[in-house]
Every structure is written in structure tokens, then in C-alpha cells.
$ cat run.cif   # mmCIF, C-alpha atoms
data_coords
#
loop_
_atom_site.label_atom_id
_atom_site.label_comp_id
_atom_site.auth_asym_id
_atom_site.auth_seq_id
_atom_site.Cartn_x
_atom_site.Cartn_y
_atom_site.Cartn_z
CA MET A 1099 24.76 37.45 24.04
CA ILE A 1100 27.91 36.65 22.05
CA LEU A 1101 27.32 32.94 22.58
CA ARG A 1102 23.77 33.26 21.27
CA VAL A 1103 24.99 35.05 18.13
CA LEU A 1104 27.66 32.43 17.53
CA ALA A 1105 25.10 29.65 17.94
CA ALA A 1106 22.81 31.31 15.41
CA VAL A 1107 25.66 31.69 12.92
CA ILE A 1108 26.55 28.00 13.28
CA LEU A 1109 22.98 26.92 12.69
CA VAL A 1110 22.50 29.12 9.66
CA SER A 1111 25.86 28.21 8.12
CA GLY A 1112 25.09 24.49 8.33
CA SER A 1113 28.45 23.70 9.95
CA GLY A 1114 26.91 22.84 13.29
CA PRO A 1115 23.69 21.18 14.50
CA VAL A 1116 21.07 20.54 11.85
CA ALA A 1117 18.19 23.01 11.98
CA ALA A 1118 14.64 21.84 12.40
CA GLU A 1119 12.64 21.12 9.26
CA PRO A 1120 10.57 23.98 7.82
CA VAL A 1121 6.83 23.42 8.10
CA PRO A 1122 5.29 22.46 4.71
CA GLU A 1123 2.47 24.32 3.00
CA VAL A 1124 0.71 21.13 1.84
CA MET A 1125 0.71 17.67 3.40
CA ALA A 1126 -0.76 14.38 2.25
CA ALA A 1127 -1.69 11.17 4.04
CA LEU A 1128 -1.28 7.91 2.13
CA GLY A 1129 -2.27 4.46 3.28
CA ASP A 1130 -5.20 2.28 4.21
CA SER A 1131 -8.19 2.44 6.55
CA VAL A 1132 -6.11 3.41 9.59
CA SER A 1133 -4.95 6.68 8.02
CA ALA A 1134 -8.46 7.22 6.66
CA GLY A 1135 -9.75 7.14 10.26
CA PHE A 1136 -12.11 4.27 9.49
CA ASN A 1137 -14.55 3.57 12.37
CA ALA A 1138 -13.01 6.32 14.50
CA CYS A 1139 -16.25 8.31 14.70
CA GLY A 1140 -19.08 6.38 13.10
CA TRP A 1141 -20.42 3.03 12.00
CA TYR A 1142 -18.22 1.69 9.20
CA VAL A 1143 -17.32 5.04 7.69
CA SER A 1144 -14.04 6.84 7.15
CA CYS A 1145 -13.53 9.64 9.67
CA THR A 1146 -10.72 11.59 8.03
CA SER A 1147 -11.07 14.37 10.60
CA ARG A 1148 -9.75 11.90 13.19
CA SER A 1149 -6.86 10.59 11.14
CA TRP A 1150 -3.56 10.48 13.06
CA SER A 1151 -1.91 12.07 10.04
CA ALA A 1152 -4.03 14.69 8.28
CA GLY A 1153 -7.10 15.02 10.50
CA ASP A 1154 -8.24 18.30 12.03
CA ASN A 1155 -9.83 16.95 15.23
CA ALA A 1156 -8.57 18.72 18.36
CA GLN A 1157 -8.69 15.55 20.46
CA VAL A 1158 -6.55 13.49 18.10
CA ARG A 1159 -3.97 16.27 17.52
CA SER A 1160 -2.75 14.86 14.23
CA HIS A 1161 0.49 15.75 12.50
CA TYR A 1162 -1.51 18.29 10.53
CA VAL A 1163 -2.88 20.02 13.65
CA ARG A 1164 0.55 20.16 15.29
CA LEU A 1165 2.25 21.46 12.16
CA ALA A 1166 -0.46 24.03 11.43
CA GLU A 1167 0.20 25.49 14.87
CA ARG A 1168 3.82 26.01 13.87
CA GLY A 1169 3.24 27.02 10.25
CA PRO A 1170 -0.11 28.72 9.55
CA ALA A 1171 0.42 28.45 5.77
CA LEU A 1172 -0.42 24.75 6.07
CA ARG A 1173 -3.93 25.41 7.39
CA GLY A 1174 -6.58 24.06 5.06
CA HIS A 1175 -4.03 22.21 2.95
CA ASN A 1176 -4.30 18.75 4.52
CA ARG A 1177 -4.99 16.11 1.89
CA ASN A 1178 -5.98 12.56 2.78
CA PHE A 1179 -5.61 10.05 -0.04
CA ALA A 1180 -5.67 6.97 2.20
CA SER A 1181 -8.42 4.51 1.39
CA PRO A 1182 -9.84 1.53 3.32
CA GLY A 1183 -8.63 -1.79 1.98
CA SER A 1184 -5.60 -0.35 0.22
CA THR A 1185 -2.55 -2.56 -0.21
CA SER A 1186 0.90 -1.97 -1.63
CA ALA A 1187 -0.70 -2.41 -5.07
CA ASP A 1188 -2.59 0.87 -4.52
CA LEU A 1189 0.38 2.91 -3.28
CA MET A 1190 1.52 4.23 -6.65
CA GLY A 1191 -1.92 5.67 -7.37
CA GLN A 1192 -1.92 7.48 -4.03
CA VAL A 1193 1.60 8.76 -4.68
CA ASP A 1194 0.40 10.25 -7.96
CA LYS A 1195 -2.30 12.14 -6.05
CA ALA A 1196 0.26 13.49 -3.58
CA ILE A 1197 2.40 14.63 -6.50
CA ALA A 1198 -0.56 16.37 -8.12
CA ALA A 1199 -1.25 18.13 -4.80
CA LYS A 1200 2.41 19.24 -4.61
CA ALA A 1201 2.69 17.92 -1.07
CA GLY A 1202 5.70 19.06 0.92
CA TYR A 1203 5.13 16.41 3.58
CA VAL A 1204 3.81 12.91 2.96
CA THR A 1205 2.94 10.31 5.59
CA ILE A 1206 2.53 6.62 4.79
CA LEU A 1207 1.09 3.81 6.89
CA LEU A 1208 0.42 0.83 4.66
CA GLY A 1209 0.95 -2.91 4.58
CA ALA A 1210 -1.46 -4.43 7.09
CA GLN A 1211 -3.90 -5.29 4.30
CA ASP A 1212 -1.12 -7.10 2.44
CA ALA A 1213 -1.08 -9.53 5.39
CA CYS A 1214 -4.75 -9.34 6.46
CA VAL A 1215 -6.27 -11.65 3.87
CA ARG A 1216 -8.25 -14.89 3.93
CA THR A 1217 -5.33 -17.32 3.70
CA GLU A 1218 -1.61 -17.33 4.31
CA GLU A 1219 -1.02 -18.12 0.65
CA ALA A 1220 -2.82 -14.93 -0.36
CA MET A 1221 -0.47 -12.64 1.58
CA THR A 1222 1.61 -10.35 -0.63
CA PRO A 1223 5.03 -11.92 -1.26
CA VAL A 1224 7.88 -9.91 0.27
CA ALA A 1225 9.59 -9.49 -3.11
CA VAL A 1226 6.41 -8.02 -4.60
CA PHE A 1227 5.95 -5.71 -1.63
CA ARG A 1228 9.57 -4.57 -2.00
CA GLN A 1229 9.18 -3.77 -5.69
CA ARG A 1230 5.99 -1.80 -5.13
CA VAL A 1231 7.20 0.38 -2.27
CA GLN A 1232 10.55 1.04 -3.93
CA ALA A 1233 8.86 2.06 -7.18
CA ALA A 1234 6.38 4.32 -5.40
CA LEU A 1235 8.99 6.06 -3.28
CA GLY A 1236 11.23 6.38 -6.33
CA ARG A 1237 8.50 8.19 -8.21
CA LEU A 1238 7.79 10.43 -5.24
CA ARG A 1239 11.44 11.39 -4.94
CA ALA A 1240 11.75 12.07 -8.68
CA GLU A 1241 8.65 14.28 -8.84
CA LEU A 1242 8.81 15.97 -5.41
CA PRO A 1243 12.53 15.99 -4.53
CA GLN A 1244 12.06 18.50 -1.70
CA ALA A 1245 9.18 16.67 -0.03
CA ARG A 1246 9.73 15.00 3.31
CA VAL A 1247 8.31 11.50 3.70
CA PHE A 1248 7.43 9.80 6.96
CA VAL A 1249 6.68 6.08 7.08
CA ALA A 1250 4.94 4.61 10.14
CA SER A 1251 5.56 0.96 10.87
CA ILE A 1252 2.73 -1.52 10.42
CA PRO A 1253 1.14 -2.38 13.79
CA ASP A 1254 1.73 -5.79 15.36
CA LEU A 1255 -1.36 -7.75 14.32
CA ARG A 1256 -0.58 -10.54 16.76
CA ARG A 1257 -0.77 -7.99 19.56
CA LEU A 1258 -4.36 -7.29 18.50
CA TRP A 1259 -5.15 -11.01 18.64
CA ARG A 1260 -3.57 -11.27 22.08
CA VAL A 1261 -5.49 -8.38 23.65
CA GLY A 1262 -8.82 -9.34 22.04
CA LYS A 1263 -8.94 -13.13 21.96
CA ASP A 1264 -10.54 -13.40 25.41
CA ASN A 1265 -13.21 -10.79 24.63
CA ALA A 1266 -16.46 -12.36 23.39
CA LEU A 1267 -17.51 -9.26 21.44
CA ALA A 1268 -14.15 -8.98 19.71
CA ARG A 1269 -14.29 -12.62 18.68
CA THR A 1270 -17.84 -12.15 17.39
CA PHE A 1271 -16.93 -9.13 15.25
CA TRP A 1272 -13.80 -10.82 13.92
CA GLY A 1273 -15.81 -13.88 12.93
CA LEU A 1274 -18.91 -12.22 11.49
CA GLY A 1275 -16.89 -9.63 9.60
CA ARG A 1276 -14.21 -12.14 8.56
CA ILE A 1277 -11.68 -9.56 9.69
CA CYS A 1278 -7.99 -10.30 9.07
CA GLN A 1279 -8.57 -14.02 8.99
CA THR A 1280 -4.90 -14.87 8.56
CA MET A 1281 -4.36 -13.62 12.11
CA LEU A 1282 -7.80 -13.58 13.77
CA ALA A 1283 -9.47 -16.80 12.59
CA ASN A 1284 -10.04 -19.36 15.35
CA PRO A 1285 -8.87 -16.87 17.98
CA THR A 1286 -9.10 -19.21 20.98
CA SER A 1287 -7.41 -22.15 19.29
CA THR A 1288 -4.07 -23.35 20.61
CA LYS A 1289 -3.61 -25.97 17.92
CA ARG A 1290 -0.15 -26.11 16.40
CA ALA A 1291 -1.40 -25.06 12.96
CA ASP A 1292 -3.10 -21.94 14.34
CA VAL A 1293 -0.12 -20.97 16.47
CA ARG A 1294 2.15 -21.42 13.47
CA ARG A 1295 -0.21 -19.40 11.25
CA ARG A 1296 -0.22 -16.42 13.62
CA ALA A 1297 3.57 -16.53 13.88
CA HIS A 1298 3.84 -16.63 10.09
CA VAL A 1299 1.61 -13.57 9.67
CA ARG A 1300 3.54 -11.64 12.31
CA ALA A 1301 6.81 -12.54 10.61
CA ARG A 1302 5.45 -11.31 7.28
CA VAL A 1303 4.47 -7.96 8.84
CA MET A 1304 7.97 -7.65 10.28
CA GLU A 1305 9.42 -8.35 6.84
CA PHE A 1306 7.19 -5.65 5.35
CA ASN A 1307 8.43 -3.20 7.99
CA ASP A 1308 12.01 -4.14 7.11
CA GLU A 1309 11.28 -3.34 3.47
CA TRP A 1310 9.92 0.07 4.44
CA GLU A 1311 13.12 0.74 6.40
CA ARG A 1312 15.28 -0.18 3.42
CA ALA A 1313 13.21 1.81 0.94
CA CYS A 1314 13.27 4.89 3.18
CA GLU A 1315 17.02 4.60 3.68
CA ALA A 1316 17.50 4.41 -0.08
CA TYR A 1317 15.27 7.47 -0.49
CA GLY A 1318 17.74 9.57 1.51
CA PRO A 1319 17.59 12.07 4.39
CA GLN A 1320 14.21 13.40 3.25
CA CYS A 1321 12.63 10.12 4.40
CA ARG A 1322 12.16 8.94 7.98
CA THR A 1323 10.53 5.94 9.62
CA ASP A 1324 9.37 5.57 13.21
CA GLY A 1325 12.02 2.91 13.80
CA GLY A 1326 9.37 0.33 14.63
CA ALA A 1327 7.70 2.45 17.32
CA VAL A 1328 4.13 1.72 16.18
CA PHE A 1329 4.82 -1.99 15.72
CA SER A 1330 6.28 -2.32 19.21
CA TYR A 1331 3.73 -0.16 21.05
CA PRO A 1332 1.88 -2.26 23.68
CA PHE A 1333 -1.62 -1.02 22.85
CA ALA A 1334 -4.67 -2.24 24.76
CA LEU A 1335 -8.20 -3.02 23.63
CA ASP A 1336 -9.51 0.35 24.85
CA LEU A 1337 -7.70 1.99 21.91
CA VAL A 1338 -9.64 -0.09 19.37
CA SER A 1339 -13.03 0.72 17.82
CA ARG A 1340 -15.96 -1.10 19.40
CA TRP A 1341 -17.56 -1.29 15.96
CA ASP A 1342 -15.09 -3.87 14.67
CA TYR A 1343 -12.40 -4.44 17.32
CA PHE A 1344 -9.78 -3.89 14.66
CA HIS A 1345 -9.32 -0.23 13.73
CA PRO A 1346 -8.08 2.46 16.15
CA ASN A 1347 -10.77 4.55 17.80
CA ALA A 1348 -10.25 8.28 18.39
CA ASP A 1349 -8.02 7.58 21.39
CA GLY A 1350 -6.08 5.08 19.32
CA GLN A 1351 -5.61 7.65 16.58
CA ARG A 1352 -4.35 10.13 19.19
CA VAL A 1353 -1.80 7.62 20.44
CA LEU A 1354 -0.71 6.94 16.86
CA SER A 1355 -0.18 10.65 16.35
CA ASP A 1356 1.82 10.96 19.58
CA ILE A 1357 4.08 8.01 18.78
CA THR A 1358 4.73 8.91 15.16
CA PHE A 1359 5.19 12.64 15.62
CA LYS A 1360 7.74 12.05 18.37
CA ASN A 1361 9.62 9.55 16.23
CA GLY A 1362 9.56 11.52 12.98
CA PHE A 1363 11.07 14.76 11.76
CA ASP A 1364 12.22 17.55 14.03
CA TRP A 1365 9.65 20.29 13.59
CA SER A 1366 10.45 21.97 16.90
CA ASP A 1367 11.50 25.37 15.56
CA ASP A 1368 10.38 26.53 12.13
CA THR A 1369 11.92 30.00 12.53
CA LEU A 1370 15.48 28.99 11.61
#
$ encode --input "run.cif" --output "C-alpha cells"
Amino acid sequence: MILRVLAAVILVSGSGPVAAEPVPEVMAALGDSVSAGFNACGWYVSCTSRSWSAGDNAQVRSHYVRLAERGPALRGHNRNFASPGSTSADLMGQVDKAIAAKAGYVTILLGAQDACVRTEEAMTPVAVFRQRVQAALGRLRAELPQARVFVASIPDLRRLWRVGKDNALARTFWGLGRICQTMLANPTSTKRADVRRRAHVRARVMEFNDEWERACEAYGPQCRTDGGAVFSYPFALDLVSRWDYFHPNADGQRVLSDITFKNGFDWSDDTL
């Protein structure tokens, strides 16, 4: 009993182990089509209920669902400002919406669309990406200094090419929809130019992830990344929507939630 009391005193005083983060009363999801749940429940529509971040679907068990179980005050206060097609150029506008909502927890998964364009030359330059994410996080920190921010790494687009290139339906959807042509054009080609192109796109995504790491570190202890967990996850084609063979399906959203929640903040005990 004495040991339990001493442990409690240490936790409360802040001189010992860091207590778990208090559950927020409002959370906001920022990002692109993945966080919007695009194609996770219907034909080319956003399915925000199945978003890995702010969705309320019981199967997906998003961050919102898990946190609402720990802190009932959050229930009904899940805001999703992610929008299909968004790039780093759209991040500041989404940050402003999170600020207006007074979000206490903000998740961000964004950057794939900065690389998924028609040509290599059209990819967002790393310096531009850096300036945009730093400015957006800077504004978020200035306006919501108590908010916690979680940044998920951009998935490995070359992994998607690798698991789908031998699937005729995947190749058909990629071609007809002109989906992420920098990575997915000519999917069966082994020509040097195509191999080099895919490597270049993957390298650019890795550079974007590095910029997120740096920006989050500069933000301070209120910001966490997944440490590359999403990028390095060896996902299979059964986690991808059969309506475009690009976006996560409901199972893919569930896996995203599992990976990111485990590699984010410690929400294990909100009673401290």
C-alpha cells in the first residue's frame, strides 16, 4: 500500500515517470483522401465514418473511437477536415479549420499527393514541402499551444506497385484512372527509365517523411510521429479498395489505426 502511494505521489509531482496524456475534448483529422476514408465504403466517395483517425465505425476502431472509450467528453466532437486530392499546399487551410474547432488532438497524414502526380517534374520540391509543413505546424502551435499533434508517415507507394503490378484488375484501374502515374504508370515495365522513375518517387516520399520528422521535432513534445511505421508496414493487396486499387479499404483503415495508435501518444490511463 505504501509503495502504491509513493508511486502515485511521484507521478503527480512530475519527478518520476511521465503520466499518460489526458484525453482531448475535440479532435481533428487533417490530410488527404486516406484520412477522408475515400473508397472505404462506397464507389468513389469519402467514407469519413471509416477514417483511421476520426471515424466512428466499430470495425475500424479509429483513434476517435479508442479515445472516446477513455474520455466520454470527446464523443461527438470528431472533426474531419481531410479532403481527397489535398497536398501540402492545402495544409494551412485545414490547420485553420482545426484551430477554429479548438481541437485538442490533431492527426495529420499528408504528402502522397505531392508525389502522386503525372510526371516526376511535377512532384512538390522538398524545399517547398518543408516550408509548407513548417509554416502550418508553426501556426498550429501558436494558436493551439496545448494541442497534441500526431503525424503519420506517408505510405510506401512503391510497395503498392509491387503488390499490385501482377494483378490485371489493379493495372486496369491504375491505367484508366491515371492513378499516381509517377509510380504506377507502365507497371509491368522493367526498362531502366521506369525502374529509375519508381526509385525517384520512393526517394521523394522518404524525403517528405524526413521533413515531417524534423518539423514535428521542432514543434516540441506536443508533437509525435509514428517513426516511419506506416511507411515500413508490409501491407498486402487485400487491404486496398477494389474500386481503385489505391486507397485503403475498411480493413486497411483498421490496420492504419492499429499501427498509428500504437506508435503515437500514450493514452493508456487518463485518470492521472
$ residues_near_point --input "run.cif" --point "(-5.9, -3.7, 9.2)" --cutoff "7 Å" --atoms "all atoms listed in the file" --output "ChimeraX atom specification"
/A:1210-1211,1214,1278,1344-1345
$ write_last_selection --input "run.cif" --atoms "C-alpha atoms" --output "PDB file, in the coordinates of the input"
ATOM      1  CA  ALA A1210      -1.460  -4.430   7.090  1.00  0.00           C
ATOM      2  CA  GLN A1211      -3.900  -5.290   4.300  1.00  0.00           C
ATOM      3  CA  CYS A1214      -4.750  -9.340   6.460  1.00  0.00           C
ATOM      4  CA  CYS A1278      -7.990 -10.300   9.070  1.00  0.00           C
ATOM      5  CA  PHE A1344      -9.780  -3.890  14.660  1.00  0.00           C
ATOM      6  CA  HIS A1345      -9.320  -0.230  13.730  1.00  0.00           C
TER       7      HIS A1345
END
$ resolve_selection --input "run.cif" --expression "the PyMOL selection byres ((chain A and resi 1217-1234) around 7)" --output "list in words"
Ser1186, Ala1187, Leu1189, Met1190, Val1193, Asp1212, Ala1213, Val1215, Arg1216, Leu1235, Gly1236, Arg1237, Leu1238, Thr1280, Glu1305, Phe1306, Glu1309 and Ala1313 of chain A
$ resolve_selection --input "run.cif" --expression "the PyMOL selection byres ((chain A and resi 1184) around 8)" --output "PDB file with C-alpha atoms, in the frame of the given file"
ATOM      1  CA  GLY A1129      -2.270   4.460   3.280  1.00  0.00           C
ATOM      2  CA  ASP A1130      -5.200   2.280   4.210  1.00  0.00           C
ATOM      3  CA  SER A1131      -8.190   2.440   6.550  1.00  0.00           C
ATOM      4  CA  ALA A1180      -5.670   6.970   2.200  1.00  0.00           C
ATOM      5  CA  SER A1181      -8.420   4.510   1.390  1.00  0.00           C
ATOM      6  CA  PRO A1182      -9.840   1.530   3.320  1.00  0.00           C
ATOM      7  CA  GLY A1183      -8.630  -1.790   1.980  1.00  0.00           C
ATOM      8  CA  THR A1185      -2.550  -2.560  -0.210  1.00  0.00           C
ATOM      9  CA  SER A1186       0.900  -1.970  -1.630  1.00  0.00           C
ATOM     10  CA  ALA A1187      -0.700  -2.410  -5.070  1.00  0.00           C
ATOM     11  CA  ASP A1188      -2.590   0.870  -4.520  1.00  0.00           C
ATOM     12  CA  LEU A1189       0.380   2.910  -3.280  1.00  0.00           C
ATOM     13  CA  LEU A1208       0.420   0.830   4.660  1.00  0.00           C
ATOM     14  CA  GLN A1211      -3.900  -5.290   4.300  1.00  0.00           C
TER      15      GLN A1211
END
$ resolve_selection --input "run.cif" --expression "the PyMOL selection byres ((chain A and resi 1206) around 9)" --output "list in words"
Ala1126, Ala1127, Leu1128, Gly1129, Asp1130, Ser1133, Ser1151, Ala1180, Val1204, Thr1205, Leu1207, Leu1208, Val1247, Phe1248, Val1249, Ala1250 and Ser1251 of chain A
$ closest_residue --input "run.cif" --among "A:Ser1366, A:Thr1286, A:Asn1361, A:Gln1244" --to "Val1261 in chain A" --atoms "all atoms listed in the file"
A:Thr1286
$ closest_residue --input "run.cif" --among "A:Val1163, A:Leu1172, A:Ala1268, A:Val1293" --to "Glu1123 in chain A" --atoms "all atoms listed in the file"
A:Leu1172
$ residues_around --input "run.cif" --residues "Arg1173 in chain A" --least-positions-apart "4" --cutoff "9 Å" --atoms "all atoms listed in the file" --output "JSON, numbers by chain"
{"A": [1123, 1124, 1162, 1163, 1165, 1166, 1167, 1169]}
$ build_atoms --input "run.cif" --residues "range 1226-1245 of chain A" --atoms "N, CA and C atoms" --output "PDB file, in the coordinates of the input"
ATOM      1  N   VAL A1226       7.391  -8.884  -3.930  1.00  0.00           N
ATOM      2  CA  VAL A1226       6.410  -8.020  -4.600  1.00  0.00           C
ATOM      3  C   VAL A1226       6.211  -6.741  -3.813  1.00  0.00           C
ATOM      4  N   PHE A1227       6.098  -6.879  -2.492  1.00  0.00           N
ATOM      5  CA  PHE A1227       5.950  -5.710  -1.630  1.00  0.00           C
ATOM      6  C   PHE A1227       7.142  -4.769  -1.805  1.00  0.00           C
ATOM      7  N   ARG A1228       8.341  -5.363  -1.840  1.00  0.00           N
ATOM      8  CA  ARG A1228       9.570  -4.570  -2.000  1.00  0.00           C
ATOM      9  C   ARG A1228       9.536  -3.774  -3.298  1.00  0.00           C
ATOM     10  N   GLN A1229       9.191  -4.442  -4.383  1.00  0.00           N
ATOM     11  CA  GLN A1229       9.180  -3.770  -5.690  1.00  0.00           C
ATOM     12  C   GLN A1229       8.173  -2.617  -5.706  1.00  0.00           C
ATOM     13  N   ARG A1230       7.038  -2.829  -5.104  1.00  0.00           N
ATOM     14  CA  ARG A1230       5.990  -1.800  -5.130  1.00  0.00           C
ATOM     15  C   ARG A1230       6.384  -0.570  -4.311  1.00  0.00           C
ATOM     16  N   VAL A1231       6.889  -0.783  -3.104  1.00  0.00           N
ATOM     17  CA  VAL A1231       7.200   0.380  -2.270  1.00  0.00           C
ATOM     18  C   VAL A1231       8.424   1.121  -2.812  1.00  0.00           C
ATOM     19  N   GLN A1232       9.390   0.384  -3.347  1.00  0.00           N
ATOM     20  CA  GLN A1232      10.550   1.040  -3.930  1.00  0.00           C
ATOM     21  C   GLN A1232      10.165   1.876  -5.141  1.00  0.00           C
ATOM     22  N   ALA A1233       9.296   1.327  -5.987  1.00  0.00           N
ATOM     23  CA  ALA A1233       8.860   2.060  -7.180  1.00  0.00           C
ATOM     24  C   ALA A1233       8.073   3.305  -6.794  1.00  0.00           C
ATOM     25  N   ALA A1234       7.196   3.181  -5.805  1.00  0.00           N
ATOM     26  CA  ALA A1234       6.380   4.320  -5.400  1.00  0.00           C
ATOM     27  C   ALA A1234       7.223   5.421  -4.778  1.00  0.00           C
ATOM     28  N   LEU A1235       8.134   5.048  -3.892  1.00  0.00           N
ATOM     29  CA  LEU A1235       8.990   6.060  -3.280  1.00  0.00           C
ATOM     30  C   LEU A1235       9.939   6.662  -4.318  1.00  0.00           C
ATOM     31  N   GLY A1236      10.378   5.865  -5.265  1.00  0.00           N
ATOM     32  CA  GLY A1236      11.230   6.380  -6.330  1.00  0.00           C
ATOM     33  C   GLY A1236      10.520   7.443  -7.148  1.00  0.00           C
ATOM     34  N   ARG A1237       9.270   7.205  -7.449  1.00  0.00           N
ATOM     35  CA  ARG A1237       8.500   8.190  -8.210  1.00  0.00           C
ATOM     36  C   ARG A1237       8.278   9.455  -7.383  1.00  0.00           C
ATOM     37  N   LEU A1238       8.002   9.277  -6.111  1.00  0.00           N
ATOM     38  CA  LEU A1238       7.790  10.430  -5.240  1.00  0.00           C
ATOM     39  C   LEU A1238       9.047  11.291  -5.161  1.00  0.00           C
ATOM     40  N   ARG A1239      10.183  10.649  -5.026  1.00  0.00           N
ATOM     41  CA  ARG A1239      11.440  11.390  -4.940  1.00  0.00           C
ATOM     42  C   ARG A1239      11.766  12.108  -6.250  1.00  0.00           C
ATOM     43  N   ALA A1240      11.455  11.460  -7.380  1.00  0.00           N
ATOM     44  CA  ALA A1240      11.750  12.070  -8.680  1.00  0.00           C
ATOM     45  C   ALA A1240      10.865  13.286  -8.943  1.00  0.00           C
ATOM     46  N   GLU A1241       9.599  13.208  -8.522  1.00  0.00           N
ATOM     47  CA  GLU A1241       8.650  14.280  -8.840  1.00  0.00           C
ATOM     48  C   GLU A1241       8.592  15.362  -7.769  1.00  0.00           C
ATOM     49  N   LEU A1242       8.848  14.990  -6.523  1.00  0.00           N
ATOM     50  CA  LEU A1242       8.810  15.970  -5.410  1.00  0.00           C
ATOM     51  C   LEU A1242      10.106  15.835  -4.602  1.00  0.00           C
ATOM     52  N   PRO A1243      11.228  16.221  -5.194  1.00  0.00           N
ATOM     53  CA  PRO A1243      12.530  15.990  -4.530  1.00  0.00           C
ATOM     54  C   PRO A1243      12.694  16.712  -3.198  1.00  0.00           C
ATOM     55  N   GLN A1244      11.930  17.764  -2.956  1.00  0.00           N
ATOM     56  CA  GLN A1244      12.060  18.500  -1.700  1.00  0.00           C
ATOM     57  C   GLN A1244      11.091  18.015  -0.627  1.00  0.00           C
ATOM     58  N   ALA A1245      10.182  17.137  -0.998  1.00  0.00           N
ATOM     59  CA  ALA A1245       9.180  16.670  -0.030  1.00  0.00           C
ATOM     60  C   ALA A1245       9.818  15.776   1.021  1.00  0.00           C
TER      61      ALA A1245
END
